[in-house]
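Notes for the one structure printed next.
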Amino acid sequence: MKKSLLLLVFIMLTTLIQAQDFRFDEMTYSPQKTVFRLFAPADAKTVKVRIYKEGLGGKPFKTVPMKYQDGLWMAEIQGDLQGRFYTFDMGRGECPGVFAKAVGVNGKRAAIITLSDTNPDGWTTDQRPVCKSPADLVIYELHHRDFSIARSDAQHPGKFLALTEPWAIDHLKSLGVNAIHILPSYDYGSVDETRLADNKYNWGYDPVNYNVPEGGYSTDPYRPDVRIREFKQMVQALHQAGIRVILDVVYNHTYDIDHSNFQRTYPDYYYRGERQEVRGKRIPEATDISLTSHLSPLTSYSNGSGCGNETASEQPMMRRFMLESVKYWINEYHIDGFRFDLMGIHDIETMNQIRQMVDTIDPTIFIYGEGWSAGSCAYPNELLGMKANISKMPGIAAFSDEIRDALRGPFSDDTKPGWLGGVPEEESLKFGIVGAIRHPQVKMKKVNYSQKPWAQEPTQMISYVSCHDDMCLVDRLKASIPGLNKPLTSDLIRLDLLAQTAVFTSQGVPFMLSGEELLRTKQGVHNSFESPDSINHLDWSNKAKYPQVFEYYKNLIALRRHHPAFRLGCADLVRKHLEFLDAPKGVVVFRLKNYAGRDDWRNIIVILNASTSAQQLTIPAGSYTVVCRDGVIDENGLDTLSGTAAVVSPQSALILHDN
Ligand code: CA
């Protein structure tokens, strides 16, 4: 009796598949046979795989029951299934599995294709553009429709392919950005791919198939290979232009619960919430990595995303899923970076494991995220990827709401101004300028949101004043500062350029919303996630209307890229070389001294003046060259200045250097 029990335990231990060894290989094709594997509960009544000729409609021509074996449900179908579609069904409704790599229209069914057939010519020699430090990145956040939908010469407006077109590449290259952060580009649910002529718009924060490009951005969502090939063509064209591609990943929630692929394969496994003990089942610990763990059902779902649910990255298979998905986008699509939506929902351990895994492929792949959630999470705060915990996540950055809101005013109220509108937020701005690190001259007590520095290195802070969320810069300035709420004025342009000067001379990693260089407006709409193109589109005619704006952005970016003093990339160097000088109210002045970062320029002085009057400042005696003044930047010099007095015009930046 005792012997047989021991034998049983031995068999159980040797057949358990461990999560860390697991691969989500849900479909393995060969011309002779196709093997299906699904992670679904051991006690599921039946699990079936159905094979279809079409990606939508029609009846299955084959339905095969799957068998439970070694922690997974398996089926093997003989014959050549190339070009066919399939779904899994464990009693919760059909779905393409959690890790479909190709799908039919609207992502309802997975497709059997050969991925290497989707590679554009030259794909195997495609190379990631060089980037030595994240501090060297200039990130441009872009939505496919915003960028190209209103462009009259676009061949493929609103599609992945628009970013392969000469006008697009020329614009990005001349602006000087070297990384494009694309808003959700995996298959999402809110745009019906069978009705693309309706031109429905969505940001795409409603994930359906995490590992397949969105069909709405392809020229044919019905053909599974097309979206994959076109996505790769986009990456390839950007890489050839020296531009990295960063993916916005939204693992923190799904479009909904009942229809999600997670819920339809392993109910209640992937989500957080209240669990009820059921006889014979138990709540597994985060350290429990066997696939055969039994789970009691959730009695309620936590909603840390504000979108109705939150995923449980601490669950071994959810963690595994995220790791594998990130790896897949790097290897299959040559992705160069990841922006984690609501990273504060994910646990620190998962984020660190992702960083470590990515390092084994290429440590220059950049990882950053929103260091917050949109509601309270069913997991301890101190274990989550929150901004305050960034020091526990080396090599991972977070957005700084300190510098953003210091400049333009609080997220919670669009009508409230920030430093640009005369609010004394100098210390919060300084905190952003040093890159959220400890710096002896930043008085943390006066910093808006953080009581202590949260970044170990300045490259852990994303420096920005606007992103797709909330108002773009022009709209925010108009909404919050009296006198600007009328057609574009020179005051508004001055403040716009001043704001970006603070961002691009900051030691954090600079980030801008696409179209700000064209004085973009969303007509005052704050949350434009499903506003029509007429609100979200870039108005390209502004490029000719306000040439000085584009020119300033371009020269500002070039100034940063040409001068390592602005991107030291190391906390000790920032503390050593960056010093703030005394300045009157409304003015922030800093000096990058003694050839910071081996810069050609010995000392650089940046004077940022938000006040409505000209200000005279005392600066260290020297013989200076003026490179930025009154909304114009010229690295070769606009003027010279000798002595200890510098005068900065109202609402503008002055940048000088000696030698
Ligand atoms: Ca879709």
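Just so we're on the same page: first chain in the structure tokens is A, next is B, and so on; residues restart at 1 for each chain, and ligands are numbered from 1 in the order they show up.
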>> Any residue with an atom at most 12 Å from ligand 1 counts, using only C-alpha atoms and all ligand atoms. Which are they? Put them as an NGL selection string.
In response: :A and (102-109 or 184-196 or 200-218 or 220-222 or 224 or 227 or 255)
> What's the 8 Å shell around A:Tyr269, counting only C-alpha atoms, without same-chain residues fewer than 6 positions away, as a ChimeraX atom specification?
Replying inline: /A:262-263,295,315
>> So that I can check the secondary structure, give me every residue of stretch 374-594 of chain A assigned alpha helix (DSSP H) by backbone DSSP, as a ChimeraX atom specification.
In response: /A:401-408,426-433,473-480,490-504,533-536,542-545,547-562,571-577
>> I'd like the contact shell of A:Phe338 - 6 Å cut-off, only C-alpha atoms, skipping same-chain residues fewer than 2 positions apart - returned as number ranges by chain.
In response: A: 246-248, 367
Expected file contents, prior selection, N, CA, C and O atoms, as a short mmCIF file (atom, residue, chain, number, x, y, z; two decimals), in the first residue's frame:
data_model
loop_
_atom_site.label_atom_id
_atom_site.label_comp_id
_atom_site.auth_asym_id
_atom_site.auth_seq_id
_atom_site.Cartn_x
_atom_site.Cartn_y
_atom_site.Cartn_z
N ILE A 246 9.13 50.65 -30.91
CA ILE A 246 8.74 50.28 -29.55
C ILE A 246 7.25 49.95 -29.54
O ILE A 246 6.43 50.71 -30.08
N LEU A 247 6.92 48.82 -28.93
CA LEU A 247 5.54 48.35 -28.92
C LEU A 247 4.87 48.69 -27.59
O LEU A 247 5.46 48.52 -26.53
N ASP A 248 3.65 49.17 -27.69
CA ASP A 248 2.84 49.44 -26.50
C ASP A 248 2.14 48.12 -26.15
O ASP A 248 1.34 47.62 -26.93
N ILE A 367 12.87 49.13 -21.94
CA ILE A 367 11.60 48.77 -21.29
C ILE A 367 11.18 49.91 -20.37
O ILE A 367 11.94 50.36 -19.53
#
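Residues within 6 Å of stretch 561-565 of chain A, counting only C-alpha atoms and excluding same-chain residues fewer than 5 positions away, are Ala596, Gly597 and Asp599 of chain A.
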What are the closest atom pairs, with distances in Å to one decimal, for each residue of stretch 161-190 of chain A lying within 8 Å of stretch 145-156 of chain A, using only C-alpha atoms, rows by chain and rising residue number, as a tab-separated table?
residue	atom	partner	partner_atom	distance
A:Leu161	CA	A:His156	CA	6.0
A:Ala162	CA	A:His156	CA	5.1
A:Glu165	CA	A:Ala154	CA	7.3
A:Trp167	CA	A:Ala154	CA	7.8
Residue neighbourhood A:Val35, 10 Å, only C-alpha atoms, exclusion window fewer than 4 positions, as a CSV table (one decimal) with N, CA, C and O atoms, in the first residue's frame:
chain,number,residue,atom,x,y,z
A,25,ASP,N,3.1,26.5,-27.1
A,25,ASP,CA,3.1,26.0,-28.5
A,25,ASP,C,1.7,25.4,-28.8
A,25,ASP,O,1.6,24.2,-28.7
A,26,GLU,N,0.8,26.3,-29.0
A,26,GLU,CA,-0.6,25.7,-29.1
A,26,GLU,C,-0.8,25.0,-30.4
A,26,GLU,O,-1.7,24.2,-30.5
A,27,MET,N,0.0,25.3,-31.4
A,27,MET,CA,-0.2,24.6,-32.7
A,27,MET,C,1.2,24.4,-33.4
A,27,MET,O,2.0,25.4,-33.5
A,28,THR,N,1.5,23.2,-33.7
A,28,THR,CA,2.8,22.9,-34.4
A,28,THR,C,2.5,22.2,-35.7
A,28,THR,O,1.9,21.1,-35.7
A,29,TYR,N,2.8,22.9,-36.8
A,29,TYR,CA,2.4,22.4,-38.1
A,29,TYR,C,3.6,21.6,-38.8
A,29,TYR,O,4.7,22.0,-38.7
A,30,SER,N,3.2,20.6,-39.5
A,30,SER,CA,4.1,20.0,-40.5
A,30,SER,C,3.2,19.5,-41.6
A,30,SER,O,2.0,19.3,-41.4
A,74,MET,N,-4.2,17.7,-25.5
A,74,MET,CA,-3.4,17.5,-26.8
A,74,MET,C,-4.3,16.9,-27.8
A,74,MET,O,-5.2,16.1,-27.5
A,75,ALA,N,-4.0,17.2,-29.1
A,75,ALA,CA,-4.7,16.5,-30.2
A,75,ALA,C,-3.7,16.5,-31.4
A,75,ALA,O,-2.9,17.5,-31.5
A,76,GLU,N,-3.8,15.5,-32.2
A,76,GLU,CA,-2.9,15.4,-33.4
A,76,GLU,C,-3.8,15.1,-34.6
A,76,GLU,O,-4.6,14.2,-34.5
A,77,ILE,N,-3.7,15.9,-35.6
A,77,ILE,CA,-4.5,15.7,-36.8
A,77,ILE,C,-3.6,15.4,-38.0
A,77,ILE,O,-2.7,16.2,-38.3
A,78,GLN,N,-3.8,14.3,-38.6
A,78,GLN,CA,-3.0,13.9,-39.7
A,78,GLN,C,-3.4,14.7,-41.0
A,78,GLN,O,-4.5,15.2,-41.1
> Which of these residues is nearest to A:Pro157, using only C-alpha atoms: A:Ala135, A:Ile557, A:Val177, A:Leu538?
Replying inline: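 Answer, going by the shortest atom-to-atom distance: A:Leu538.
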> In Å, how far is it from atom CA of A:Thr618 to atom CA of A:Gly643?
Replying inline: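 These atoms are spaced 9.1 Å apart.
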> Quick one: residues within 12 Å of A:Arg339, only C-alpha atoms counted, chain neighbours fewer than 2 positions away excluded, as number ranges by chain?
Replying inline: A: 139, 141, 179-184, 245-252, 326, 335-337, 341-343, 351, 365-371, 396-399, 462, 511
For the residues selected in the previous step, produce a file with C-alpha atoms as a compact mmCIF listing (two decimals), in the first residue's frame.
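Here's the written file part.txt:
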# COMPACT_ATOMS: atom_id res chain seq x y z
CA ILE A 139 10.87 58.63 -28.49
CA GLU A 141 4.58 58.23 -29.68
CA ALA A 179 12.43 55.56 -31.81
CA ILE A 180 8.77 55.26 -32.69
CA HIS A 181 6.50 54.10 -29.92
CA ILE A 182 3.43 52.76 -31.69
CA LEU A 183 0.13 52.71 -29.81
CA PRO A 184 -1.39 49.22 -29.46
CA VAL A 245 10.27 50.45 -33.00
CA ILE A 246 8.74 50.28 -29.55
CA LEU A 247 5.54 48.35 -28.92
CA ASP A 248 2.84 49.44 -26.50
CA VAL A 249 1.91 46.24 -24.65
CA VAL A 250 -1.28 45.93 -22.65
CA TYR A 251 -0.96 42.69 -20.73
CA ASN A 252 -2.64 44.24 -17.70
CA VAL A 326 7.75 39.80 -25.31
CA ILE A 335 10.82 44.90 -31.88
CA ASP A 336 13.28 47.19 -30.08
CA GLY A 337 11.43 48.22 -26.97
CA ASP A 341 0.54 49.99 -20.17
CA LEU A 342 -0.40 50.35 -16.47
CA MET A 343 2.81 48.65 -15.41
CA MET A 351 8.96 42.84 -14.77
CA ILE A 365 16.06 46.85 -25.90
CA PHE A 366 14.36 49.52 -23.81
CA ILE A 367 11.60 48.77 -21.29
CA TYR A 368 9.41 51.39 -19.66
CA GLY A 369 5.90 51.74 -18.44
CA GLU A 370 3.24 53.64 -16.64
CA GLY A 371 4.23 53.33 -12.98
CA ILE A 396 13.15 49.63 -16.37
CA ALA A 397 11.86 53.20 -16.65
CA ALA A 398 8.63 54.94 -15.74
CA PHE A 399 6.86 58.04 -16.96
CA ILE A 462 10.62 59.17 -19.14
CA PHE A 511 9.39 61.38 -25.21
> From the list A:Gly483, A:Pro65, A:Gly515, A:Pro510, which residue is nearest A:His468 when using only C-alpha atoms?
Replying inline: A:Gly515
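Proximity of A:Ser260, A:Gln441, A:Thr489, A:Thr501 to A:Ile655, computed with only C-alpha atoms, is greatest for A:Thr501.
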